[in-house]
file start-v7.cif (mmCIF, C-alpha atoms)
data_final
loop_
_atom_site.group_PDB
_atom_site.id
_atom_site.type_symbol
_atom_site.label_atom_id
_atom_site.label_comp_id
_atom_site.auth_asym_id
_atom_site.auth_seq_id
_atom_site.Cartn_x
_atom_site.Cartn_y
_atom_site.Cartn_z
ATOM 1 C CA MET A 20 0.000 0.000 0.000
ATOM 2 C CA SER A 21 1.287 3.417 -0.873
ATOM 3 C CA ALA A 22 1.332 6.501 1.290
ATOM 4 C CA LEU A 23 -1.154 8.124 -1.101
ATOM 5 C CA THR A 24 -3.749 5.383 -0.738
ATOM 6 C CA LEU A 25 -3.359 5.563 3.031
ATOM 7 C CA ARG A 26 -3.789 9.352 2.907
ATOM 8 C CA TYR A 27 -7.014 9.052 0.891
ATOM 9 C CA ALA A 28 -8.314 6.333 3.215
ATOM 10 C CA HIS A 29 -7.613 8.475 6.279
ATOM 11 C CA ALA A 30 -9.260 11.472 4.604
ATOM 12 C CA PHE A 31 -12.447 9.518 3.956
ATOM 13 C CA ALA A 32 -12.368 8.038 7.473
ATOM 14 C CA SER A 33 -12.245 11.586 8.807
ATOM 15 C CA VAL A 34 -15.200 12.617 6.634
ATOM 16 C CA ALA A 35 -17.139 9.520 7.681
ATOM 17 C CA ALA A 36 -16.479 10.130 11.380
ATOM 18 C CA SER A 37 -17.328 13.828 11.276
ATOM 19 C CA ASN A 38 -20.594 13.105 9.437
ATOM 20 C CA HIS A 39 -21.442 10.060 11.587
ATOM 21 C CA LEU A 40 -21.712 7.841 8.525
ATOM 22 C CA ASP A 41 -22.401 4.134 8.763
ATOM 23 C CA ALA A 42 -18.972 2.758 7.851
ATOM 24 C CA ASN A 43 -20.416 -0.510 6.525
ATOM 25 C CA ALA A 44 -22.893 1.269 4.259
ATOM 26 C CA ALA A 45 -20.207 3.627 2.952
ATOM 27 C CA GLN A 46 -17.854 0.727 2.271
ATOM 28 C CA GLN A 47 -20.595 -1.197 0.491
ATOM 29 C CA GLN A 48 -21.423 1.785 -1.730
ATOM 30 C CA MET A 49 -17.761 2.204 -2.653
ATOM 31 C CA ARG A 50 -17.468 -1.540 -3.339
ATOM 32 C CA ASP A 51 -20.580 -1.353 -5.534
ATOM 33 C CA PHE A 52 -19.011 1.502 -7.478
ATOM 34 C CA ARG A 53 -15.685 -0.341 -7.712
ATOM 35 C CA ASP A 54 -17.436 -3.444 -9.062
ATOM 36 C CA THR A 55 -19.413 -1.387 -11.579
ATOM 37 C CA PHE A 56 -16.246 0.440 -12.606
ATOM 38 C CA ALA A 57 -14.314 -2.819 -13.010
ATOM 39 C CA ALA A 58 -17.099 -4.499 -14.984
ATOM 40 C CA SER A 59 -17.686 -1.666 -17.470
ATOM 41 C CA HIS A 60 -14.995 -0.951 -20.011
ATOM 42 C CA GLU A 61 -17.005 2.037 -21.239
ATOM 43 C CA LEU A 62 -17.252 3.549 -17.758
ATOM 44 C CA ARG A 63 -13.498 3.158 -17.202
ATOM 45 C CA GLU A 64 -12.827 4.689 -20.604
ATOM 46 C CA VAL A 65 -14.971 7.755 -19.869
ATOM 47 C CA LEU A 66 -13.887 8.375 -16.263
ATOM 48 C CA MET A 67 -10.178 7.865 -16.918
ATOM 49 C CA ASN A 68 -9.916 9.710 -20.217
ATOM 50 C CA PRO A 69 -8.047 12.988 -19.664
ATOM 51 C CA SER A 70 -9.542 14.531 -22.809
ATOM 52 C CA ILE A 71 -13.111 14.359 -21.441
ATOM 53 C CA PRO A 72 -13.989 17.456 -19.385
ATOM 54 C CA ASN A 73 -14.466 16.926 -15.664
ATOM 55 C CA GLU A 74 -18.038 18.272 -15.818
ATOM 56 C CA GLN A 75 -19.035 15.431 -18.141
ATOM 57 C CA LYS A 76 -17.294 12.882 -15.939
ATOM 58 C CA LEU A 77 -19.200 14.216 -12.927
ATOM 59 C CA LYS A 78 -22.486 13.768 -14.788
ATOM 60 C CA VAL A 79 -21.576 10.151 -15.471
ATOM 61 C CA LEU A 80 -20.533 9.674 -11.841
ATOM 62 C CA ASP A 81 -23.847 11.208 -10.710
ATOM 63 C CA ALA A 82 -25.774 8.790 -12.930
ATOM 64 C CA VAL A 83 -23.890 5.806 -11.508
ATOM 65 C CA SER A 84 -24.195 7.063 -7.934
ATOM 66 C CA GLY A 85 -27.938 7.509 -8.407
ATOM 67 C CA ARG A 86 -28.321 3.907 -9.516
ATOM 68 C CA ILE A 87 -26.223 2.634 -6.615
ATOM 69 C CA GLY A 88 -27.967 4.914 -4.131
ATOM 70 C CA MET A 89 -24.797 6.571 -2.877
ATOM 71 C CA ILE A 90 -24.817 9.008 -0.024
ATOM 72 C CA PRO A 91 -23.403 12.434 -0.984
ATOM 73 C CA GLN A 92 -20.164 11.995 0.996
ATOM 74 C CA VAL A 93 -19.277 8.802 -0.870
ATOM 75 C CA ARG A 94 -20.124 10.417 -4.205
ATOM 76 C CA ASN A 95 -17.987 13.452 -3.356
ATOM 77 C CA PHE A 96 -15.086 11.273 -2.243
ATOM 78 C CA LEU A 97 -15.231 9.337 -5.508
ATOM 79 C CA ALA A 98 -15.337 12.645 -7.404
ATOM 80 C CA VAL A 99 -12.131 13.741 -5.649
ATOM 81 C CA ILE A 100 -10.442 10.431 -6.448
ATOM 82 C CA MET A 101 -11.566 10.746 -10.051
ATOM 83 C CA ASP A 102 -10.406 14.364 -10.258
ATOM 84 C CA HIS A 103 -6.963 13.385 -8.915
ATOM 85 C CA GLN A 104 -6.798 10.438 -11.337
ATOM 86 C CA ARG A 105 -6.676 7.860 -8.548
ATOM 87 C CA LEU A 106 -9.501 5.562 -9.689
ATOM 88 C CA PRO A 107 -7.026 2.761 -10.476
ATOM 89 C CA GLU A 108 -6.037 2.796 -6.770
ATOM 90 C CA LEU A 109 -9.642 2.630 -5.518
ATOM 91 C CA ASP A 110 -9.335 -1.007 -4.461
ATOM 92 C CA GLU A 111 -6.248 -0.252 -2.351
ATOM 93 C CA ILE A 112 -7.938 2.816 -0.838
ATOM 94 C CA LEU A 113 -10.948 0.682 0.079
ATOM 95 C CA THR A 114 -8.729 -1.924 1.721
ATOM 96 C CA GLU A 115 -7.003 0.743 3.798
ATOM 97 C CA TYR A 116 -10.295 2.406 4.713
ATOM 98 C CA HIS A 117 -11.736 -0.944 5.763
ATOM 99 C CA GLU A 118 -8.844 -1.433 8.206
ATOM 100 C CA ILE A 119 -9.110 2.129 9.542
ATOM 101 C CA ALA A 120 -12.885 1.834 10.032
ATOM 102 C CA ASP A 121 -12.458 -1.473 11.858
ATOM 103 C CA GLU A 122 -9.825 0.058 14.119
ATOM 104 C CA GLN A 123 -12.055 3.050 14.879
ATOM 105 C CA THR A 124 -15.049 0.872 15.719
ATOM 106 C CA GLY A 125 -13.062 -1.736 17.647
ATOM 107 C CA VAL A 126 -13.754 -4.615 15.271
ATOM 108 C CA ALA A 127 -11.101 -7.308 14.867
ATOM 109 C CA GLU A 128 -10.836 -9.647 11.892
ATOM 110 C CA ALA A 129 -10.651 -13.296 12.933
ATOM 111 C CA GLU A 130 -10.034 -16.272 10.694
ATOM 112 C CA ILE A 131 -11.410 -19.442 12.248
ATOM 113 C CA THR A 132 -10.393 -22.784 10.834
ATOM 114 C CA SER A 133 -12.217 -25.860 12.094
ATOM 115 C CA ALA A 134 -11.960 -29.539 11.322
ATOM 116 C CA HIS A 135 -15.668 -29.869 10.628
ATOM 117 C CA PRO A 136 -18.473 -27.521 9.568
ATOM 118 C CA LEU A 137 -19.843 -25.480 12.463
ATOM 119 C CA ASN A 138 -23.538 -24.886 13.014
ATOM 120 C CA ASP A 139 -24.871 -21.425 13.864
ATOM 121 C CA GLU A 140 -24.899 -22.075 17.616
ATOM 122 C CA ASP A 141 -21.261 -23.266 17.607
ATOM 123 C CA ARG A 142 -20.230 -20.259 15.525
ATOM 124 C CA ALA A 143 -21.958 -17.857 17.907
ATOM 125 C CA GLN A 144 -20.276 -19.430 20.954
ATOM 126 C CA LEU A 145 -16.877 -19.460 19.275
ATOM 127 C CA GLU A 146 -17.230 -15.841 18.129
ATOM 128 C CA ALA A 147 -18.190 -14.790 21.672
ATOM 129 C CA GLN A 148 -15.036 -16.453 23.038
ATOM 130 C CA VAL A 149 -12.873 -14.919 20.322
ATOM 131 C CA ALA A 150 -14.410 -11.477 21.017
ATOM 132 C CA ARG A 151 -13.400 -11.786 24.685
ATOM 133 C CA VAL A 152 -9.843 -12.673 23.670
ATOM 134 C CA ALA A 153 -9.713 -9.861 21.102
ATOM 135 C CA GLY A 154 -11.162 -7.357 23.558
ATOM 136 C CA GLY A 155 -13.979 -6.183 21.312
ATOM 137 C CA ARG A 156 -16.221 -7.165 18.466
ATOM 138 C CA VAL A 157 -15.100 -9.701 15.897
ATOM 139 C CA ARG A 158 -15.801 -10.193 12.205
ATOM 140 C CA ALA A 159 -15.136 -13.860 11.590
ATOM 141 C CA THR A 160 -14.427 -15.754 8.414
ATOM 142 C CA TYR A 161 -14.580 -19.524 8.475
ATOM 143 C CA ARG A 162 -12.586 -22.221 6.762
ATOM 144 C CA GLN A 163 -12.363 -25.971 7.073
ATOM 145 C CA ASP A 164 -9.266 -28.135 7.355
ATOM 146 C CA ALA A 165 -9.871 -31.841 8.008
ATOM 147 C CA THR A 166 -6.211 -32.307 8.990
ATOM 148 C CA LEU A 167 -6.949 -30.511 12.286
ATOM 149 C CA LEU A 168 -8.810 -33.675 13.394
ATOM 150 C CA GLY A 169 -10.901 -31.673 15.885
ATOM 151 C CA GLY A 170 -11.080 -28.287 17.575
ATOM 152 C CA ALA A 171 -10.231 -25.005 15.868
ATOM 153 C CA VAL A 172 -7.418 -22.630 15.028
ATOM 154 C CA VAL A 173 -8.135 -18.912 15.386
ATOM 155 C CA ARG A 174 -6.010 -16.196 13.788
ATOM 156 C CA ILE A 175 -6.485 -12.596 14.936
ATOM 157 C CA GLY A 176 -4.019 -10.384 13.123
ATOM 158 C CA SER A 177 -0.655 -12.101 13.460
ATOM 159 C CA THR A 178 -1.605 -14.027 16.613
ATOM 160 C CA VAL A 179 -2.630 -17.670 16.269
ATOM 161 C CA TYR A 180 -4.553 -19.582 18.935
ATOM 162 C CA ASP A 181 -4.322 -23.300 18.210
ATOM 163 C CA GLY A 182 -6.998 -25.331 19.965
ATOM 164 C CA SER A 183 -6.922 -28.175 17.467
ATOM 165 C CA LEU A 184 -6.217 -31.816 18.227
ATOM 166 C CA ARG A 185 -3.416 -31.721 15.677
ATOM 167 C CA GLY A 186 -1.795 -28.856 17.610
ATOM 168 C CA GLN A 187 -2.169 -30.713 20.908
ATOM 169 C CA PHE A 188 -0.624 -33.849 19.394
ATOM 170 C CA GLN A 189 2.293 -31.798 18.066
ATOM 171 C CA GLN A 190 2.877 -30.300 21.526
ATOM 172 C CA LEU A 191 2.773 -33.767 23.074
ATOM 173 C CA LYS A 192 5.202 -35.047 20.460
ATOM 174 C CA GLN A 193 7.568 -32.134 21.204
ATOM 175 C CA LYS A 194 7.387 -32.825 24.957
ATOM 176 C CA LEU A 195 8.135 -36.504 24.422
ATOM 177 C CA ALA A 196 11.042 -35.697 22.110
ATOM 178 C CA ASN A 197 12.518 -33.298 24.680
ATOM 179 C CA ALA A 198 12.149 -35.784 27.559
#
call {"tool": "encode", "arguments": {"input": "start-v7.cif", "output": "structure tokens"}}
result
Amino acid sequence: MSALTLRYAHAFASVAASNHLDANAAQQQMRDFRDTFAASHELREVLMNPSIPNEQKLKVLDAVSGRIGMIPQVRNFLAVIMDHQRLPELDEILTEYHEIADEQTGVAEAEITSAHPLNDEDRAQLEAQVARVAGGRVRATYRQDATLLGGAVVRIGSTVYDGSLRGQFQQLKQKLANA
């Protein structure tokens, strides 16, 4: 990530905080625009063409934002990015903003890998335990890995909590080897 993308992400985070915007809704609107932008060769051609006057580009942006249902702050932010010819970096800006918004709201990303599929009740209990460990709210993504045999492995940032049977067997093996 470049310093410029981080600067734009922080700028939008500041706008979002000062206007009390719903960070999830703002992110979704920007993702919707990004997906529309990526899927339409014609839209990219118009918005990134330096020979097309900015007023015409803004009209196109307004038409797209109307279809997506963008709030004015998101539309204005995208207009600034477009004006500064930073639309190609929109995905990186969104990634940075996502991290900043999570930090501001106290949400931690957790990757939970289990040996078997978890039902809704198990997921809720596991997320509650992970939230206590993380010290706040958690947004969990789930994966499966049959080699764990049982239990789960939780990754929060760079910290890994291994509660799997495979991990316990490896610890036992290490203890026996050291004895």
call {"tool": "atom_distance", "arguments": {"input": "start-v7.cif", "atom1": "atom CA of Gln148 of chain A", "atom2": "atom CA of Ala42 of chain A"}}
result
24.8 Å
call {"tool": "resolve_selection", "arguments": {"input": "start-v7.cif", "expression": "the PyMOL selection byres ((chain A and resi 46-51) around 9)", "output": "ChimeraX atom specification"}}
result
/A:41-45,52-56,84,87-90,93-94,97,109-110,113,116-117
call {"tool": "closest_residue", "arguments": {"input": "start-v7.cif", "among": "A:Gln104, A:Ile112, A:Ser59, A:Ala82", "to": "Leu23 of chain A", "atoms": "all atoms listed in the file"}}
result
A:Ile112
call {"tool": "atom_distance", "arguments": {"input": "start-v7.cif", "atom1": "atom CA of Phe96 of chain A", "atom2": "atom CA of Ile119 of chain A"}}
result
16.1 Å
call {"tool": "atom_distance", "arguments": {"input": "start-v7.cif", "atom1": "atom CA of Gln187 of chain A", "atom2": "atom CA of Arg158 of chain A"}}
result
26.1 Å
call {"tool": "resolve_selection", "arguments": {"input": "start-v7.cif", "expression": "the PyMOL selection byres ((chain A and resi 146) around 9)", "output": "PyMOL selection string"}}
result
chain A and resi 129+141-145+147-151+156-159
call {"tool": "resolve_selection", "arguments": {"input": "start-v7.cif", "expression": "the PyMOL selection byres ((chain A and resi 163) around 8)", "output": "PyMOL selection string"}}
result
chain A and resi 132-136+161-162+164-165
call {"tool": "closest_residue", "arguments": {"input": "start-v7.cif", "among": "A:Leu167, A:Pro91, A:Glu61, A:Glu122", "to": "Val79 of chain A", "atoms": "all atoms listed in the file"}}
result
A:Glu61
call {"tool": "closest_residue", "arguments": {"input": "start-v7.cif", "among": "A:Val126, A:Leu77, A:Ile100, A:Val83", "to": "Ile175 of chain A", "atoms": "all atoms listed in the file"}}
result
A:Val126
call {"tool": "closest_residue", "arguments": {"input": "start-v7.cif", "among": "A:Val152, A:Val172, A:Ala30, A:Met101", "to": "Glu74 of chain A", "atoms": "only C-alpha atoms"}}
result
A:Met101
call {"tool": "closest_residue", "arguments": {"input": "start-v7.cif", "among": "A:Asp102, A:Glu118, A:Asp81, A:Glu111", "to": "Ala32 of chain A", "atoms": "all atoms listed in the file"}}
result
A:Glu118
call {"tool": "closest_residue", "arguments": {"input": "start-v7.cif", "among": "A:Ile131, A:Gly176, A:Glu108, A:Gln193", "to": "Leu25 of chain A", "atoms": "only C-alpha atoms"}}
result
A:Glu108
call {"tool": "residues_around", "arguments": {"input": "start-v7.cif", "residues": "Asp181 of chain A", "least_positions_apart": "4", "cutoff": "9 Å", "atoms": "all atoms listed in the file", "output": "list of chain:residue names"}}
result
A:Gly170, A:Ala171, A:Val172, A:Val173, A:Arg174, A:Arg185, A:Gly186, A:Gln187
call {"tool": "build_atoms", "arguments": {"input": "start-v7.cif", "residues": "segment 90-124 of chain A", "atoms": "N, CA and C atoms", "output": "PDB file, keeping the file's coordinate frame"}}
result
ATOM      1  N   ILE A  90     -24.655   7.823  -0.850  1.00  0.00           N
ATOM      2  CA  ILE A  90     -24.817   9.008  -0.024  1.00  0.00           C
ATOM      3  C   ILE A  90     -23.884  10.088  -0.579  1.00  0.00           C
ATOM      4  N   PRO A  91     -24.193  11.357  -0.371  1.00  0.00           N
ATOM      5  CA  PRO A  91     -23.403  12.434  -0.984  1.00  0.00           C
ATOM      6  C   PRO A  91     -21.911  12.401  -0.620  1.00  0.00           C
ATOM      7  N   GLN A  92     -21.571  12.008   0.592  1.00  0.00           N
ATOM      8  CA  GLN A  92     -20.164  11.995   0.996  1.00  0.00           C
ATOM      9  C   GLN A  92     -19.360  10.968   0.202  1.00  0.00           C
ATOM     10  N   VAL A  93     -19.962   9.824  -0.071  1.00  0.00           N
ATOM     11  CA  VAL A  93     -19.277   8.802  -0.870  1.00  0.00           C
ATOM     12  C   VAL A  93     -19.121   9.292  -2.299  1.00  0.00           C
ATOM     13  N   ARG A  94     -20.182   9.877  -2.845  1.00  0.00           N
ATOM     14  CA  ARG A  94     -20.124  10.417  -4.205  1.00  0.00           C
ATOM     15  C   ARG A  94     -19.048  11.486  -4.311  1.00  0.00           C
ATOM     16  N   ASN A  95     -18.983  12.380  -3.321  1.00  0.00           N
ATOM     17  CA  ASN A  95     -17.987  13.452  -3.356  1.00  0.00           C
ATOM     18  C   ASN A  95     -16.568  12.899  -3.229  1.00  0.00           C
ATOM     19  N   PHE A  96     -16.406  11.894  -2.393  1.00  0.00           N
ATOM     20  CA  PHE A  96     -15.086  11.273  -2.243  1.00  0.00           C
ATOM     21  C   PHE A  96     -14.650  10.644  -3.562  1.00  0.00           C
ATOM     22  N   LEU A  97     -15.562   9.941  -4.215  1.00  0.00           N
ATOM     23  CA  LEU A  97     -15.231   9.337  -5.508  1.00  0.00           C
ATOM     24  C   LEU A  97     -14.924  10.408  -6.555  1.00  0.00           C
ATOM     25  N   ALA A  98     -15.619  11.540  -6.480  1.00  0.00           N
ATOM     26  CA  ALA A  98     -15.337  12.645  -7.404  1.00  0.00           C
ATOM     27  C   ALA A  98     -13.925  13.179  -7.187  1.00  0.00           C
ATOM     28  N   VAL A  99     -13.496  13.274  -5.945  1.00  0.00           N
ATOM     29  CA  VAL A  99     -12.131  13.741  -5.649  1.00  0.00           C
ATOM     30  C   VAL A  99     -11.114  12.743  -6.184  1.00  0.00           C
ATOM     31  N   ILE A 100     -11.352  11.463  -5.946  1.00  0.00           N
ATOM     32  CA  ILE A 100     -10.442  10.431  -6.448  1.00  0.00           C
ATOM     33  C   ILE A 100     -10.370  10.491  -7.973  1.00  0.00           C
ATOM     34  N   MET A 101     -11.521  10.663  -8.590  1.00  0.00           N
ATOM     35  CA  MET A 101     -11.566  10.746 -10.051  1.00  0.00           C
ATOM     36  C   MET A 101     -10.814  11.987 -10.538  1.00  0.00           C
ATOM     37  N   ASP A 102     -11.049  13.108  -9.870  1.00  0.00           N
ATOM     38  CA  ASP A 102     -10.406  14.364 -10.258  1.00  0.00           C
ATOM     39  C   ASP A 102      -8.880  14.277 -10.127  1.00  0.00           C
ATOM     40  N   HIS A 103      -8.410  13.541  -9.125  1.00  0.00           N
ATOM     41  CA  HIS A 103      -6.963  13.385  -8.915  1.00  0.00           C
ATOM     42  C   HIS A 103      -6.395  12.173  -9.645  1.00  0.00           C
ATOM     43  N   GLN A 104      -7.202  11.575 -10.510  1.00  0.00           N
ATOM     44  CA  GLN A 104      -6.798  10.438 -11.337  1.00  0.00           C
ATOM     45  C   GLN A 104      -6.282   9.270 -10.500  1.00  0.00           C
ATOM     46  N   ARG A 105      -7.040   8.951  -9.452  1.00  0.00           N
ATOM     47  CA  ARG A 105      -6.676   7.860  -8.548  1.00  0.00           C
ATOM     48  C   ARG A 105      -7.671   6.703  -8.604  1.00  0.00           C
ATOM     49  N   LEU A 106      -8.549   6.662  -9.597  1.00  0.00           N
ATOM     50  CA  LEU A 106      -9.501   5.562  -9.689  1.00  0.00           C
ATOM     51  C   LEU A 106      -8.828   4.196  -9.787  1.00  0.00           C
ATOM     52  N   PRO A 107      -7.680   4.080 -10.455  1.00  0.00           N
ATOM     53  CA  PRO A 107      -7.026   2.761 -10.476  1.00  0.00           C
ATOM     54  C   PRO A 107      -6.607   2.264  -9.078  1.00  0.00           C
ATOM     55  N   GLU A 108      -6.433   3.181  -8.124  1.00  0.00           N
ATOM     56  CA  GLU A 108      -6.037   2.796  -6.770  1.00  0.00           C
ATOM     57  C   GLU A 108      -7.238   2.625  -5.834  1.00  0.00           C
ATOM     58  N   LEU A 109      -8.455   2.695  -6.360  1.00  0.00           N
ATOM     59  CA  LEU A 109      -9.642   2.630  -5.518  1.00  0.00           C
ATOM     60  C   LEU A 109      -9.686   1.368  -4.669  1.00  0.00           C
ATOM     61  N   ASP A 110      -9.305   0.237  -5.220  1.00  0.00           N
ATOM     62  CA  ASP A 110      -9.335  -1.007  -4.461  1.00  0.00           C
ATOM     63  C   ASP A 110      -8.391  -0.936  -3.254  1.00  0.00           C
ATOM     64  N   GLU A 111      -7.203  -0.395  -3.455  1.00  0.00           N
ATOM     65  CA  GLU A 111      -6.248  -0.252  -2.351  1.00  0.00           C
ATOM     66  C   GLU A 111      -6.772   0.741  -1.314  1.00  0.00           C
ATOM     67  N   ILE A 112      -7.374   1.822  -1.765  1.00  0.00           N
ATOM     68  CA  ILE A 112      -7.938   2.816  -0.838  1.00  0.00           C
ATOM     69  C   ILE A 112      -9.038   2.173   0.001  1.00  0.00           C
ATOM     70  N   LEU A 113      -9.880   1.375  -0.643  1.00  0.00           N
ATOM     71  CA  LEU A 113     -10.948   0.682   0.079  1.00  0.00           C
ATOM     72  C   LEU A 113     -10.395  -0.282   1.118  1.00  0.00           C
ATOM     73  N   THR A 114      -9.348  -0.999   0.776  1.00  0.00           N
ATOM     74  CA  THR A 114      -8.729  -1.924   1.721  1.00  0.00           C
ATOM     75  C   THR A 114      -8.207  -1.175   2.935  1.00  0.00           C
ATOM     76  N   GLU A 115      -7.522  -0.069   2.693  1.00  0.00           N
ATOM     77  CA  GLU A 115      -7.003   0.743   3.798  1.00  0.00           C
ATOM     78  C   GLU A 115      -8.134   1.326   4.639  1.00  0.00           C
ATOM     79  N   TYR A 116      -9.167   1.830   3.975  1.00  0.00           N
ATOM     80  CA  TYR A 116     -10.295   2.406   4.713  1.00  0.00           C
ATOM     81  C   TYR A 116     -10.982   1.344   5.567  1.00  0.00           C
ATOM     82  N   HIS A 117     -11.116   0.154   5.026  1.00  0.00           N
ATOM     83  CA  HIS A 117     -11.736  -0.944   5.763  1.00  0.00           C
ATOM     84  C   HIS A 117     -10.979  -1.192   7.076  1.00  0.00           C
ATOM     85  N   GLU A 118      -9.658  -1.221   7.007  1.00  0.00           N
ATOM     86  CA  GLU A 118      -8.844  -1.433   8.206  1.00  0.00           C
ATOM     87  C   GLU A 118      -8.979  -0.270   9.189  1.00  0.00           C
ATOM     88  N   ILE A 119      -8.977   0.948   8.679  1.00  0.00           N
ATOM     89  CA  ILE A 119      -9.110   2.129   9.542  1.00  0.00           C
ATOM     90  C   ILE A 119     -10.476   2.133  10.224  1.00  0.00           C
ATOM     91  N   ALA A 120     -11.529   1.842   9.465  1.00  0.00           N
ATOM     92  CA  ALA A 120     -12.885   1.834  10.032  1.00  0.00           C
ATOM     93  C   ALA A 120     -13.013   0.754  11.103  1.00  0.00           C
ATOM     94  N   ASP A 121     -12.423  -0.412  10.853  1.00  0.00           N
ATOM     95  CA  ASP A 121     -12.458  -1.473  11.858  1.00  0.00           C
ATOM     96  C   ASP A 121     -11.733  -1.044  13.128  1.00  0.00           C
ATOM     97  N   GLU A 122     -10.598  -0.408  12.962  1.00  0.00           N
ATOM     98  CA  GLU A 122      -9.825   0.058  14.119  1.00  0.00           C
ATOM     99  C   GLU A 122     -10.627   1.097  14.916  1.00  0.00           C
ATOM    100  N   GLN A 123     -11.276   2.004  14.213  1.00  0.00           N
ATOM    101  CA  GLN A 123     -12.055   3.050  14.879  1.00  0.00           C
ATOM    102  C   GLN A 123     -13.260   2.493  15.626  1.00  0.00           C
ATOM    103  N   THR A 124     -13.860   1.440  15.091  1.00  0.00           N
ATOM    104  CA  THR A 124     -15.049   0.872  15.719  1.00  0.00           C
ATOM    105  C   THR A 124     -14.730  -0.302  16.635  1.00  0.00           C
TER     106      THR A 124
END
